[in-house]
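**Student:** Below you will find the structure I want to go over with you.
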Amino acid sequence: MASLENKIGAVRKSILAAVLAIAAAACLAAPAHAQGSRKDDIVFGPSGHPIAGATVTVCQATATGTPCTPLATIYTDATLTVASPNPFQADGIGNYHFYAPAGRYLLQITAPQITGTITYPDVILPADVSSSGSGNDISAFGLTLGGNLTVAGNATINGTLSSTNFNPGTLTPSTLAVLGNETVGGRVRG
């Protein structure tokens with residue numbers, strides 16, 4: 001009987017040791033962190049000169065008002081572990097940067113040299129393709145432009161390209177290839 005009790009005690013001690021080892025390993029393991037996207041830019045005033053110390057406010061894409069709310073959570077590092085103040089100031093030559101999860105944001109900029117507030121809706125921070133962190137499951141997004149789109153280099157469209165009142169002005173390329181379901185209307189001069 002004593003031998004059976006010794007075996008049961010040894011099994012209990014082994015189980016306790018295994019549980020403690022697993023708990024210790026979990027505590028010592030490096031925490032996993034998301035990989036953020038970095039936004040770098042320069043604040044320019046109406047005369048085209050950089051503005052030192054401009055106030056930059058980063059809000060969620062659905063934000064409204066001036067100053068905009070709700071604010072986005074931004075960070076000082078790519079692993080999104082050190083929160084940054086929001087709003088914050090551009091440096092002495094108008095430079096600013098922040099990290100945030102990939103996605104869409106609204107930015108507002110104010111400074112004494114700027115009349116009112118400059119608002120940039122639909123600021124896109126792309127996912128870091130070298131990371132598998134949170135936010136990198138963005139595979140497509142919609143973009144509605146109220147102004148002009150300029151493409152320097154090549155543009156590829158997979159799917160359907162629709163346009164109303166298309167007027168490309170003067171096209172300078174030597175060829176224009178249209179494949180698939182695209183409809184191009186207007187005058188093309190070449």
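Here's how to read the names in the structure tokens: chain A, B, ... by the order shown, residue numbers from 1 in each chain, ligand numbers from 1 in the order shown.
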Would you mind listing what lies within 9 Å of A:Thr117 as number ranges by chain, with only C-alpha atoms counted and same-chain residues fewer than 2 positions away left out?

**Tutor:** A: 66-67, 108-111, 114-115, 119

**Student:** Take the residues just selected and output them with N, CA and C atoms as a PDB file, in the first residue's frame.

**Tutor:**
ATOM      1  N   THR A  66     -14.133  69.746 -35.989  1.00  0.00           N
ATOM      2  CA  THR A  66     -12.822  70.386 -35.937  1.00  0.00           C
ATOM      3  C   THR A  66     -12.642  70.935 -34.532  1.00  0.00           C
ATOM      4  N   PRO A  67     -11.735  70.406 -33.725  1.00  0.00           N
ATOM      5  CA  PRO A  67     -10.852  69.283 -34.039  1.00  0.00           C
ATOM      6  C   PRO A  67     -11.651  67.984 -34.166  1.00  0.00           C
ATOM      7  N   GLN A 108      -5.821  66.174 -39.542  1.00  0.00           N
ATOM      8  CA  GLN A 108      -6.074  67.611 -39.514  1.00  0.00           C
ATOM      9  C   GLN A 108      -4.798  68.316 -39.080  1.00  0.00           C
ATOM     10  N   ILE A 109      -4.504  69.446 -39.736  1.00  0.00           N
ATOM     11  CA  ILE A 109      -3.290  70.200 -39.453  1.00  0.00           C
ATOM     12  C   ILE A 109      -3.662  71.655 -39.215  1.00  0.00           C
ATOM     13  N   THR A 110      -3.115  72.212 -38.127  1.00  0.00           N
ATOM     14  CA  THR A 110      -3.325  73.622 -37.807  1.00  0.00           C
ATOM     15  C   THR A 110      -1.985  74.258 -37.465  1.00  0.00           C
ATOM     16  N   ALA A 111      -1.896  75.546 -37.719  1.00  0.00           N
ATOM     17  CA  ALA A 111      -0.709  76.332 -37.384  1.00  0.00           C
ATOM     18  C   ALA A 111      -1.074  77.804 -37.555  1.00  0.00           C
ATOM     19  N   ILE A 114      -1.411  78.975 -41.102  1.00  0.00           N
ATOM     20  CA  ILE A 114      -2.481  78.376 -41.898  1.00  0.00           C
ATOM     21  C   ILE A 114      -3.804  78.985 -41.459  1.00  0.00           C
ATOM     22  N   THR A 115      -4.600  79.428 -42.421  1.00  0.00           N
ATOM     23  CA  THR A 115      -5.920  79.941 -42.103  1.00  0.00           C
ATOM     24  C   THR A 115      -6.861  78.760 -41.914  1.00  0.00           C
ATOM     25  N   THR A 119      -7.705  69.665 -43.637  1.00  0.00           N
ATOM     26  CA  THR A 119      -8.198  68.315 -43.356  1.00  0.00           C
ATOM     27  C   THR A 119      -7.871  67.410 -44.530  1.00  0.00           C
TER      28      THR A 119
END

**Student:** For A:Asn86, please output as a list in words all residues within 7 Å (counting only C-alpha atoms; exclusion window: fewer than 2 positions along the same chain).

**Tutor:** Thr57, Val58, Ser84 and Phe88 of chain A

**Student:** Give me, please, the distance in Å between atom CA of A:Ile51 and atom CA of A:Thr81, quoted to one decimal.

**Tutor:**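 Pair atom CA of A:Ile51 / atom CA of A:Thr81 returns 29.1 Å.
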
**Student:** Given the choices A:Leu125, A:Ile93, A:Ala61, A:Ile118, which gets closest to A:Gly36 if the distance is worked out from only C-alpha atoms?

**Tutor:**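 Of the candidates, the smallest distance to A:Gly36 is held by A:Leu125.
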
**Student:** Go ahead and compute the interatomic distance for atom CA of A:Asp77 and atom CA of A:Phe98, in Å to one decimal.

**Tutor:** 7.8 Å

**Student:** My list of candidates is A:Thr64, A:Thr79, A:Thr55, A:Thr69. Which is closest to A:Asp91 when distances are computed with only C-alpha atoms?

**Tutor:**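 Under the stated criterion, the closest residue is A:Thr55.
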
**Student:** Identify which of the residues A:Ala52, A:Asp41, A:Pro121, A:Leu107 lies closest to A:Ile74, counting only C-alpha atoms when measuring atom-to-atom distances.

**Tutor:**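 Among the listed residues, A:Leu107 lies closest to A:Ile74.
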
**Student:** At what distance in Å, to one decimal, does atom CA of A:Val56 lie from atom CA of A:Pro87?

**Tutor:** 5.5 Å
